[in-house]
$ cat coords32.cif   # mmCIF, C-alpha atoms and all ligand atoms
data_run
#
loop_
_atom_site.label_atom_id
_atom_site.label_comp_id
_atom_site.auth_asym_id
_atom_site.auth_seq_id
_atom_site.Cartn_x
_atom_site.Cartn_y
_atom_site.Cartn_z
CA MET H 1 14.17 25.80 -51.02
CA SER H 2 12.68 24.15 -47.97
CA GLY H 3 16.11 23.10 -46.55
CA LEU H 4 17.19 26.73 -45.99
CA THR H 5 17.58 27.28 -42.25
CA ARG H 6 17.23 30.63 -40.48
CA ARG H 7 21.01 30.65 -39.86
CA GLU H 8 21.70 30.01 -43.55
CA PHE H 9 19.21 32.75 -44.46
CA LEU H 10 21.11 35.26 -42.31
CA LYS H 11 24.50 34.13 -43.63
CA ARG H 12 23.37 34.59 -47.23
CA THR H 13 21.81 37.93 -46.39
CA LEU H 14 25.02 39.36 -44.93
CA ALA H 15 27.33 37.93 -47.59
CA SER H 16 25.20 39.09 -50.50
CA GLY H 17 24.68 42.47 -48.88
CA ALA H 18 28.39 43.19 -48.73
CA ALA H 19 28.78 42.35 -52.40
CA ALA H 20 25.68 44.22 -53.49
CA GLY H 21 26.81 47.29 -51.58
CA LEU H 22 29.78 47.78 -53.86
CA VAL H 23 27.58 47.84 -56.93
CA LEU H 24 24.83 50.01 -55.43
CA SER H 25 27.10 52.68 -53.95
CA GLY H 26 28.65 53.25 -57.39
CA GLY H 27 25.22 53.46 -59.04
CA ALA H 28 23.63 56.01 -56.71
CA GLY H 29 23.04 59.35 -58.43
CA MET H 30 23.77 58.15 -61.98
CA ALA H 31 22.22 60.40 -64.64
CA ARG H 32 19.81 58.97 -67.22
CA ALA H 33 19.17 60.07 -70.78
CA ALA H 34 16.41 62.64 -70.41
CA SER H 35 15.10 62.16 -73.96
CA SER H 36 13.48 58.77 -73.22
CA GLN H 37 11.70 60.05 -70.12
CA VAL H 38 8.24 61.45 -69.51
CA GLY H 39 7.16 64.62 -67.72
CA THR H 40 4.03 66.45 -66.53
CA PHE H 41 3.09 70.13 -66.60
CA TYR H 42 0.32 71.52 -64.36
CA ASP H 43 -1.05 74.76 -65.80
CA LEU H 44 -2.43 76.51 -62.73
CA THR H 45 -4.09 79.15 -64.91
CA LYS H 46 -6.41 76.39 -66.17
CA CYS H 47 -7.01 74.27 -63.04
CA ASP H 48 -10.09 75.44 -61.14
CA GLY H 49 -10.02 72.65 -58.55
CA CYS H 50 -13.09 71.23 -60.32
CA GLY H 51 -15.10 74.04 -58.74
CA GLY H 52 -13.37 73.73 -55.36
CA THR H 53 -14.85 70.31 -54.57
CA LYS H 54 -13.13 68.08 -51.98
CA THR H 55 -12.69 65.31 -54.52
CA PRO H 56 -11.76 66.78 -57.91
CA ARG H 57 -11.81 64.58 -61.01
CA CYS H 58 -8.05 63.96 -61.03
CA VAL H 59 -8.23 62.74 -57.42
CA SER H 60 -11.18 60.39 -57.96
CA ALA H 61 -9.58 59.04 -61.16
CA CYS H 62 -6.38 58.28 -59.24
CA ARG H 63 -8.27 56.48 -56.48
CA GLU H 64 -10.31 54.39 -58.91
CA GLU H 65 -7.29 53.53 -61.05
CA ASN H 66 -5.09 52.51 -58.19
CA ARG H 67 -7.76 50.64 -56.24
CA SER H 68 -8.54 48.50 -59.24
CA ASN H 69 -4.88 47.88 -60.07
CA PHE H 70 -3.38 47.75 -56.58
CA PRO H 71 -5.85 46.77 -53.85
CA ASP H 72 -5.79 48.84 -50.66
CA PRO H 73 -3.31 47.76 -48.00
CA VAL H 74 -5.25 45.67 -45.47
CA PRO H 75 -3.67 45.66 -42.00
CA PRO H 76 -4.98 43.51 -39.14
CA ASP H 77 -7.63 45.06 -36.84
CA ARG H 78 -5.07 45.51 -34.07
CA ILE H 79 -1.59 46.68 -35.10
CA GLU H 80 1.17 46.00 -32.56
CA PHE H 81 3.71 48.67 -31.62
CA TYR H 82 7.20 47.75 -32.76
CA TRP H 83 10.38 48.16 -30.78
CA PRO H 84 11.71 50.76 -29.96
CA ASN H 85 9.24 53.04 -31.74
CA LYS H 86 5.92 53.95 -30.18
CA LYS H 87 4.58 55.58 -33.30
CA LYS H 88 2.33 53.81 -35.74
CA GLU H 89 0.66 55.40 -38.71
CA ASP H 90 -2.67 53.78 -39.39
CA TRP H 91 -4.93 55.28 -42.05
CA GLN H 92 -7.38 52.41 -42.53
CA ASP H 93 -10.22 54.30 -40.81
CA ARG H 94 -9.54 57.38 -42.97
CA LYS H 95 -9.39 55.73 -46.38
CA ASP H 96 -11.95 58.16 -47.76
CA LEU H 97 -9.91 61.26 -46.95
CA THR H 98 -9.15 63.15 -50.17
CA THR H 99 -7.80 66.43 -48.82
CA ARG H 100 -4.21 65.35 -48.15
CA LEU H 101 -1.73 62.63 -49.09
CA THR H 102 -2.26 59.29 -47.35
CA PRO H 103 -1.37 55.66 -48.19
CA TYR H 104 -4.83 55.47 -49.77
CA ASN H 105 -4.83 58.87 -51.50
CA TRP H 106 -1.89 59.65 -53.74
CA THR H 107 -2.92 63.07 -55.04
CA PHE H 108 -5.01 65.96 -53.76
CA VAL H 109 -5.67 69.60 -54.65
CA GLN H 110 -4.67 72.59 -52.54
CA GLY H 111 -6.54 75.88 -52.80
CA VAL H 112 -5.05 79.26 -51.88
CA SER H 113 -6.01 82.88 -52.28
CA VAL H 114 -2.99 85.13 -52.90
CA GLU H 115 -2.62 88.90 -53.23
CA HIS H 116 -0.44 89.77 -56.25
CA ASN H 117 0.03 93.03 -58.18
CA GLY H 118 -2.85 94.63 -56.34
CA ARG H 119 -5.39 91.88 -56.95
CA ARG H 120 -6.45 88.68 -55.20
CA VAL H 121 -5.93 85.49 -57.20
CA GLU H 122 -7.41 82.06 -56.41
CA VAL H 123 -5.04 79.21 -57.27
CA PHE H 124 -5.72 75.47 -57.19
CA ILE H 125 -2.73 73.17 -57.09
CA PRO H 126 -2.85 69.39 -57.61
CA ARG H 127 -0.08 67.73 -55.54
CA ARG H 128 1.69 64.40 -55.77
CA CYS H 129 5.23 63.00 -56.11
CA MET H 130 7.40 65.24 -58.35
CA HIS H 131 9.35 62.25 -59.78
CA CYS H 132 12.75 63.89 -59.27
CA HIS H 133 15.66 63.24 -61.67
CA ASN H 134 18.04 62.15 -58.92
CA PRO H 135 15.59 61.12 -56.20
CA PRO H 136 17.04 61.07 -52.68
CA CYS H 137 14.08 58.92 -51.58
CA ALA H 138 15.19 56.11 -53.88
CA ASN H 139 18.94 56.56 -53.54
CA LEU H 140 18.88 56.72 -49.74
CA CYS H 141 16.32 54.00 -49.03
CA PRO H 142 18.21 51.69 -46.64
CA PHE H 143 16.30 48.68 -47.96
CA GLY H 144 16.72 49.32 -51.70
CA ALA H 145 12.94 49.38 -52.01
CA GLN H 146 12.71 52.43 -54.29
CA SER H 147 14.02 53.02 -57.78
CA LYS H 148 13.91 55.46 -60.67
CA SER H 149 12.46 53.70 -63.71
CA PRO H 150 14.00 54.24 -67.19
CA GLU H 151 10.87 56.20 -68.19
CA GLY H 152 11.21 58.53 -65.17
CA PRO H 153 8.57 57.53 -62.58
CA VAL H 154 10.04 56.86 -59.14
CA LEU H 155 8.66 53.57 -57.82
CA ILE H 156 8.30 51.91 -54.42
CA ASN H 157 8.57 48.11 -54.31
CA LYS H 158 5.81 47.27 -51.83
CA ASP H 159 7.15 43.73 -51.42
CA LEU H 160 10.50 45.04 -50.20
CA CYS H 161 9.56 48.22 -48.30
CA LEU H 162 9.85 48.00 -44.50
CA GLY H 163 8.26 51.41 -43.92
CA GLY H 164 11.25 53.09 -42.26
CA ALA H 165 10.14 56.41 -43.84
CA LYS H 166 13.68 57.51 -44.73
CA CYS H 167 12.23 58.40 -48.15
CA ARG H 168 9.81 60.83 -46.53
CA ASP H 169 12.55 62.33 -44.34
CA VAL H 170 14.78 63.14 -47.32
CA CYS H 171 12.00 64.27 -49.68
CA PRO H 172 11.81 68.11 -49.63
CA TRP H 173 8.03 67.80 -49.90
CA GLY H 174 7.62 64.85 -47.48
CA ILE H 175 5.53 63.00 -50.08
CA PRO H 176 5.50 59.24 -49.24
CA ALA H 177 2.85 58.17 -46.70
CA ARG H 178 3.13 55.16 -44.38
CA GLN H 179 0.56 52.50 -43.56
CA ALA H 180 1.44 50.39 -40.52
CA GLY H 181 0.61 46.71 -40.14
CA VAL H 182 1.23 45.68 -43.76
CA GLY H 183 4.18 44.42 -45.79
CA LEU H 184 7.28 42.36 -45.35
CA TYR H 185 7.99 43.24 -41.71
CA MET H 186 4.74 41.57 -40.65
CA LYS H 187 6.08 38.30 -42.07
CA ILE H 188 9.60 38.53 -40.64
CA ALA H 189 9.62 40.19 -37.20
CA PRO H 190 6.62 42.53 -36.64
CA LYS H 191 7.74 43.61 -33.17
CA TYR H 192 11.35 44.42 -34.01
CA LEU H 193 11.80 45.38 -37.64
CA GLY H 194 10.06 47.87 -39.88
CA ALA H 195 6.89 49.83 -39.52
CA GLY H 196 4.71 49.21 -42.58
CA VAL H 197 4.88 50.20 -46.23
CA MET H 198 5.31 53.63 -47.85
CA TYR H 199 2.91 54.65 -50.61
CA LYS H 200 2.88 57.47 -53.18
CA CYS H 201 2.00 58.27 -56.80
CA ASP H 202 3.88 56.05 -59.26
CA LEU H 203 2.82 58.18 -62.26
CA CYS H 204 0.52 55.31 -63.27
CA TYR H 205 3.58 53.33 -64.28
CA HIS H 206 1.49 50.37 -65.43
CA ARG H 207 0.04 52.72 -68.07
CA VAL H 208 3.19 54.70 -68.86
CA LYS H 209 5.33 51.66 -69.61
CA LYS H 210 2.77 50.63 -72.24
CA GLY H 211 2.87 54.10 -73.81
CA GLY H 212 -0.30 55.27 -72.03
CA VAL H 213 -1.27 58.42 -70.13
CA PRO H 214 -1.83 58.67 -66.33
CA ALA H 215 -5.45 58.40 -65.19
CA CYS H 216 -5.49 61.89 -63.61
CA VAL H 217 -4.32 63.48 -66.88
CA GLU H 218 -7.02 61.68 -68.85
CA ALA H 219 -9.72 62.70 -66.34
CA CYS H 220 -9.06 66.46 -66.18
CA PRO H 221 -11.98 68.26 -67.86
CA ARG H 222 -9.99 71.50 -68.27
CA LYS H 223 -6.89 69.97 -69.87
CA ALA H 224 -4.86 71.55 -67.06
CA ILE H 225 -2.39 68.64 -66.96
CA VAL H 226 -0.04 68.13 -69.91
CA PHE H 227 1.82 64.82 -70.11
CA GLY H 228 4.42 63.58 -72.60
CA ASP H 229 8.10 63.54 -73.51
CA LEU H 230 10.04 65.23 -70.71
CA ASN H 231 11.91 67.73 -72.90
CA SER H 232 8.78 68.80 -74.80
CA VAL H 233 6.76 69.14 -71.61
CA ARG H 234 9.51 71.22 -70.00
CA GLU H 235 9.63 73.50 -73.07
CA THR H 236 5.82 73.87 -73.06
CA ALA H 237 5.89 74.83 -69.38
CA ARG H 238 8.69 77.37 -69.87
CA LYS H 239 6.90 78.88 -72.88
CA ARG H 240 3.62 79.14 -70.96
CA ALA H 241 5.38 80.85 -68.04
CA GLY H 242 6.88 83.37 -70.50
CA GLU H 243 3.52 83.97 -72.24
CA ILE H 244 1.67 84.85 -69.06
CA GLY H 245 4.59 86.55 -67.26
CA GLY H 246 4.14 83.76 -64.69
CA PHE H 247 6.27 81.58 -62.45
CA LEU H 248 7.74 78.11 -62.98
CA TYR H 249 8.35 75.49 -60.27
CA GLY H 250 9.88 72.01 -60.55
CA ASP H 251 12.52 72.68 -63.20
CA LYS H 252 15.45 73.28 -60.85
CA GLU H 253 14.10 72.31 -57.42
CA ASN H 254 15.71 69.29 -55.72
CA GLY H 255 18.23 69.10 -58.57
CA GLY H 256 15.43 68.96 -61.19
CA THR H 257 12.13 67.08 -61.41
CA SER H 258 9.84 65.82 -64.14
CA THR H 259 6.83 67.77 -62.79
CA PHE H 260 6.42 71.44 -63.71
CA TYR H 261 3.95 73.95 -62.33
CA VAL H 262 3.21 77.30 -63.98
CA SER H 263 1.43 79.82 -61.81
CA PRO H 264 0.24 83.42 -62.34
CA VAL H 265 1.48 84.26 -58.80
CA PRO H 266 4.91 83.64 -57.20
CA PHE H 267 5.38 80.26 -55.49
CA GLU H 268 6.90 82.11 -52.57
CA LYS H 269 3.48 83.66 -51.91
CA ILE H 270 1.71 80.33 -52.43
CA ASN H 271 4.11 78.74 -49.97
CA MET H 272 3.50 81.45 -47.36
CA GLU H 273 -0.25 80.96 -47.69
CA LEU H 274 0.07 77.19 -47.36
CA GLN H 275 2.25 77.64 -44.29
CA ALA H 276 -0.38 79.89 -42.75
CA GLN H 277 -3.06 77.25 -43.45
CA ARG H 278 -0.90 74.56 -41.87
CA SER H 279 -0.17 76.53 -38.73
CA LYS H 280 -3.92 76.91 -38.21
CA GLN H 281 -4.44 73.20 -38.82
CA PRO H 282 -1.17 71.19 -38.78
CA ASP H 283 -1.11 68.62 -41.56
CA PRO H 284 2.17 66.99 -42.57
CA GLY H 285 0.48 65.35 -45.59
CA ALA H 286 -0.07 68.74 -47.21
CA PRO H 287 3.28 69.79 -48.69
CA GLY H 288 4.35 73.37 -49.30
CA PHE H 289 6.45 74.83 -52.12
CA PRO H 290 9.81 75.31 -50.41
CA LEU H 291 12.09 77.52 -52.46
CA MET H 292 15.52 76.00 -52.97
CA PRO H 293 18.52 78.15 -53.90
CA VAL H 294 19.30 77.89 -57.63
CA GLY H 295 22.62 76.17 -58.18
CA VAL H 296 22.19 73.96 -55.15
CA GLY H 297 21.12 70.48 -56.11
CA ASN H 298 19.40 68.01 -53.88
CA PHE H 299 20.54 66.39 -50.65
CA LEU H 300 22.51 63.76 -52.59
CA ASP H 301 24.84 66.40 -54.00
CA SER H 302 26.00 67.44 -50.54
CA ALA H 303 28.91 65.78 -48.73
CA ASN H 304 26.47 64.34 -46.17
CA GLY H 305 24.27 63.00 -48.93
CA ILE H 306 27.15 61.28 -50.72
CA MET H 307 28.27 59.69 -47.45
CA ALA H 308 24.72 58.62 -46.65
CA GLY H 309 24.45 56.99 -50.10
CA ILE H 310 27.63 55.02 -49.52
CA LEU H 311 26.50 53.92 -46.08
CA VAL H 312 22.99 52.79 -47.01
CA ALA H 313 23.98 50.77 -50.07
CA PRO H 314 25.28 47.68 -48.23
CA VAL H 315 22.13 47.63 -46.09
CA ALA H 316 19.98 47.86 -49.19
CA GLY H 317 21.90 44.99 -50.75
CA ALA H 318 21.56 42.92 -47.60
CA VAL H 319 17.82 43.41 -47.42
CA ALA H 320 17.34 42.71 -51.12
CA ALA H 321 19.33 39.51 -50.84
CA GLY H 322 17.57 38.57 -47.61
CA TYR H 323 14.19 39.07 -49.19
CA ALA H 324 15.14 36.89 -52.16
CA ALA H 325 16.31 34.17 -49.77
CA TYR H 326 13.15 34.54 -47.68
CA LYS H 327 10.95 34.15 -50.77
CA THR H 328 12.92 31.08 -51.85
CA MET H 329 12.58 29.62 -48.37
CA LYS H 330 8.83 30.30 -48.34
CA GLU H 331 8.17 29.02 -51.82
CA GLY H 332 10.40 25.96 -51.51
S1 LIG M 1 -6.21 69.32 -62.54
FE1 LIG M 1 -8.13 69.17 -63.69
S2 LIG M 1 -9.25 67.50 -62.70
FE2 LIG M 1 -7.65 68.18 -61.26
S3 LIG M 1 -8.63 69.75 -59.99
FE3 LIG M 1 -7.64 70.82 -61.68
S4 LIG M 1 -9.29 71.02 -63.19
FE4 LIG M 1 -9.96 69.43 -61.76
S1 LIG M 2 9.11 64.22 -54.79
FE1 LIG M 2 9.95 63.22 -52.97
S2 LIG M 2 9.12 61.15 -53.07
FE2 LIG M 2 8.91 62.01 -55.12
S3 LIG M 2 10.77 61.44 -56.25
FE3 LIG M 2 11.16 63.47 -55.36
S4 LIG M 2 12.16 63.04 -53.39
FE4 LIG M 2 11.15 61.13 -54.05
S1 LIG M 3 -0.17 59.80 -62.13
FE1 LIG M 3 -1.53 58.06 -61.58
S2 LIG M 3 -0.86 57.52 -59.49
FE2 LIG M 3 -0.06 59.58 -59.89
S3 LIG M 3 -1.61 61.02 -59.15
FE3 LIG M 3 -2.07 60.68 -61.32
S4 LIG M 3 -3.54 58.97 -61.34
FE4 LIG M 3 -2.57 58.99 -59.30
#
$ encode --input "coords32.cif" --output "structure tokens"
Amino acid sequence: MSGLTRREFLKRTLASGAAAGLVLSGGAGMARAASSQVGTFYDLTKCDGCGGTKTPRCVSACREENRSNFPDPVPPDRIEFYWPNKKKEDWQDRKDLTTRLTPYNWTFVQGVSVEHNGRRVEVFIPRRCMHCHNPPCANLCPFGAQSKSPEGPVLINKDLCLGGAKCRDVCPWGIPARQAGVGLYMKIAPKYLGAGVMYKCDLCYHRVKKGGVPACVEACPRKAIVFGDLNSVRETARKRAGEIGGFLYGDKENGGTSTFYVSPVPFEKINMELQAQRSKQPDPGAPGFPLMPVGVGNFLDSANGIMAGILVAPVAGAVAAGYAAYKTMKEG
């Protein structure tokens, strides 16, 4: 609508935000029927890191799949700093990096050597978003740019994301990665609002919603990644852990996730080894395996988390409504 003035745009934004807030605050943290959802199980007794190469098959399949479906974010040559922040995260010169999570690389494989029961065991661990059941990243996004899909994948709306990185702050594994100089903020107020767009694995949602299998699963030559109905995958992972006297991760962590790892060595030891690697070479895009006390859910279950959810909802509604008005204004 070409007649929409900036003042009208703001008025609509604030009014709709207040209304939307009521709906969103009630919806945060709602459980979904697990039976209709999908899950993934990484069998670490089978994964060999594709021989320890820097770009294993699952990683190259992910890059090819997502480049052809979602072109790389293309920021301008010179990205301005935005007020009041002096930090900008620009990965465009490191697009080829495959050894950590970046906006251009949504999965990678960690390798560790761990001493267990008197022997040294090499373990390779593919990493990406865990697609949590009650994801704090989605429920606490101040802009309402993330959501949990009915099938389970947790999705970022790149058209709505302002790159504030709240999702990364509240993710126990710090998964989402930011690219500066792209997205909505560049169109609205690049010097004052937002910082880019957050990117992460979306579990190949374009495939999953059509009943397909993620590209990384299809590409694995060792059948180390099992994908399917969440309950069956969880059972398979639990059974495998029992069979090998191994260790399970992802079932209870962060209040439960749809990604399960089974390892022949304790995750505590894997985590210690990863921490040692990181202290030698700090790398925030290489998550560990933090152990979370059983019985304690994720951040959203705490009093602070509930309050944060209530507080962010009106902002999310405001931004969603503002974006809709902005699009109308632009298209009109
Ligand atoms: S999961 Fe499969 S494709 Fe990926 S590193 Fe392991 S063996 Fe290779
Ligand atoms: S792993 Fe992190 S980014 Fe992924 S759904 Fe869970 S909280 Fe969100
Ligand atoms: S599920 Fe898809 S987006 Fe996620 S790591 Fe695998 S290939 Fe990449």
$ residues_near_ligand --input "coords32.cif" --ligand "ligand LIG 2 (chain M)" --cutoff "9 Å" --atoms "only C-alpha atoms and all ligand atoms" --output "ChimeraX atom specification"
/H:128-138,146,148,153-155,167-168,170-176,200-202,254,257,298
$ residues_near_ligand --input "coords32.cif" --ligand "ligand LIG 1 (chain M)" --cutoff "7 Å" --atoms "all atoms listed in the file" --output "PDB file with C-alpha atoms, in the coordinates of the input"
ATOM      1  CA  LYS H  46      -6.410  76.390 -66.170  1.00  0.00           C
ATOM      2  CA  CYS H  47      -7.010  74.270 -63.040  1.00  0.00           C
ATOM      3  CA  ASP H  48     -10.090  75.440 -61.140  1.00  0.00           C
ATOM      4  CA  GLY H  49     -10.020  72.650 -58.550  1.00  0.00           C
ATOM      5  CA  CYS H  50     -13.090  71.230 -60.320  1.00  0.00           C
ATOM      6  CA  PRO H  56     -11.760  66.780 -57.910  1.00  0.00           C
ATOM      7  CA  ARG H  57     -11.810  64.580 -61.010  1.00  0.00           C
ATOM      8  CA  CYS H  58      -8.050  63.960 -61.030  1.00  0.00           C
ATOM      9  CA  VAL H  59      -8.230  62.740 -57.420  1.00  0.00           C
ATOM     10  CA  VAL H 109      -5.670  69.600 -54.650  1.00  0.00           C
ATOM     11  CA  PHE H 124      -5.720  75.470 -57.190  1.00  0.00           C
ATOM     12  CA  PRO H 126      -2.850  69.390 -57.610  1.00  0.00           C
ATOM     13  CA  CYS H 216      -5.490  61.890 -63.610  1.00  0.00           C
ATOM     14  CA  ALA H 219      -9.720  62.700 -66.340  1.00  0.00           C
ATOM     15  CA  CYS H 220      -9.060  66.460 -66.180  1.00  0.00           C
ATOM     16  CA  PRO H 221     -11.980  68.260 -67.860  1.00  0.00           C
ATOM     17  CA  ARG H 222      -9.990  71.500 -68.270  1.00  0.00           C
ATOM     18  CA  LYS H 223      -6.890  69.970 -69.870  1.00  0.00           C
ATOM     19  CA  ALA H 224      -4.860  71.550 -67.060  1.00  0.00           C
ATOM     20  CA  ILE H 225      -2.390  68.640 -66.960  1.00  0.00           C
TER      21      ILE H 225
END
$ closest_residue --input "coords32.cif" --among "H:Lys280, H:Arg234, H:Lys88, H:Lys269" --to "Val121 (chain H)" --atoms "all atoms listed in the file"
H:Lys269
$ residues_near_ligand --input "coords32.cif" --ligand "ligand LIG 3 (chain M)" --cutoff "7 Å" --atoms "only C-alpha atoms and all ligand atoms" --output "list in words"
Cys58, Ala61, Cys62, Arg63, Glu65, Asn66, Trp106, Thr107, Arg128, Cys201, Asp202, Leu203, Cys204, Pro214, Ala215, Cys216 and Val217 of chain H
$ write_last_selection --input "coords32.cif" --atoms "C-alpha atoms" --output "PDB file, in the frame of the given file"
ATOM      1  CA  CYS H  58      -8.050  63.960 -61.030  1.00  0.00           C
ATOM      2  CA  ALA H  61      -9.580  59.040 -61.160  1.00  0.00           C
ATOM      3  CA  CYS H  62      -6.380  58.280 -59.240  1.00  0.00           C
ATOM      4  CA  ARG H  63      -8.270  56.480 -56.480  1.00  0.00           C
ATOM      5  CA  GLU H  65      -7.290  53.530 -61.050  1.00  0.00           C
ATOM      6  CA  ASN H  66      -5.090  52.510 -58.190  1.00  0.00           C
ATOM      7  CA  TRP H 106      -1.890  59.650 -53.740  1.00  0.00           C
ATOM      8  CA  THR H 107      -2.920  63.070 -55.040  1.00  0.00           C
ATOM      9  CA  ARG H 128       1.690  64.400 -55.770  1.00  0.00           C
ATOM     10  CA  CYS H 201       2.000  58.270 -56.800  1.00  0.00           C
ATOM     11  CA  ASP H 202       3.880  56.050 -59.260  1.00  0.00           C
ATOM     12  CA  LEU H 203       2.820  58.180 -62.260  1.00  0.00           C
ATOM     13  CA  CYS H 204       0.520  55.310 -63.270  1.00  0.00           C
ATOM     14  CA  PRO H 214      -1.830  58.670 -66.330  1.00  0.00           C
ATOM     15  CA  ALA H 215      -5.450  58.400 -65.190  1.00  0.00           C
ATOM     16  CA  CYS H 216      -5.490  61.890 -63.610  1.00  0.00           C
ATOM     17  CA  VAL H 217      -4.320  63.480 -66.880  1.00  0.00           C
TER      18      VAL H 217
END
$ closest_residue --input "coords32.cif" --among "H:Ile156, H:Val182, H:Val112, H:Leu162" --to "Trp91 (chain H)" --atoms "all atoms listed in the file"
H:Val182
$ atom_distance --input "coords32.cif" --atom1 "CA of Ala177 (chain H)" --atom2 "CA of Met198 (chain H)"
5.3 Å
$ atom_distance --input "coords32.cif" --atom1 "CA of His116 (chain H)" --atom2 "CA of Ser232 (chain H)"
29.5 Å
$ residues_around --input "coords32.cif" --residues "Lys158 (chain H)" --least-positions-apart "2" --cutoff "7 Å" --atoms "all atoms listed in the file" --output "PDB file with C-alpha atoms, keeping the file's coordinate frame"
ATOM      1  CA  ILE H 156       8.300  51.910 -54.420  1.00  0.00           C
ATOM      2  CA  LEU H 160      10.500  45.040 -50.200  1.00  0.00           C
ATOM      3  CA  CYS H 161       9.560  48.220 -48.300  1.00  0.00           C
ATOM      4  CA  GLY H 183       4.180  44.420 -45.790  1.00  0.00           C
ATOM      5  CA  VAL H 197       4.880  50.200 -46.230  1.00  0.00           C
TER       6      VAL H 197
END
$ closest_residue --input "coords32.cif" --among "H:Ile270, H:Leu101, H:Val265, H:Val114" --to "Gln179 (chain H)" --atoms "only C-alpha atoms"
H:Leu101
$ atom_distance --input "coords32.cif" --atom1 "CA of Pro266 (chain H)" --atom2 "CA of Glu243 (chain H)"
15.1 Å
$ closest_residue --input "coords32.cif" --among "H:Ala195, H:Ala276, H:Ile125, H:Leu97" --to "Tyr261 (chain H)" --atoms "all atoms listed in the file"
H:Ile125
$ closest_residue --input "coords32.cif" --among "H:Lys187, H:Arg127, H:Arg238, H:His206" --to "Thr102 (chain H)" --atoms "only C-alpha atoms"
H:Arg127
$ residues_around --input "coords32.cif" --residues "Leu274 (chain H)" --least-positions-apart "5" --cutoff "9 Å" --atoms "only C-alpha atoms" --output "NGL selection string"
:H and (110-112 or 269 or 279 or 286-289)
$ closest_residue --input "coords32.cif" --among "H:Lys95, H:Phe108, H:Asp43, H:Ser36" --to "Ala241 (chain H)" --atoms "only C-alpha atoms"
H:Asp43
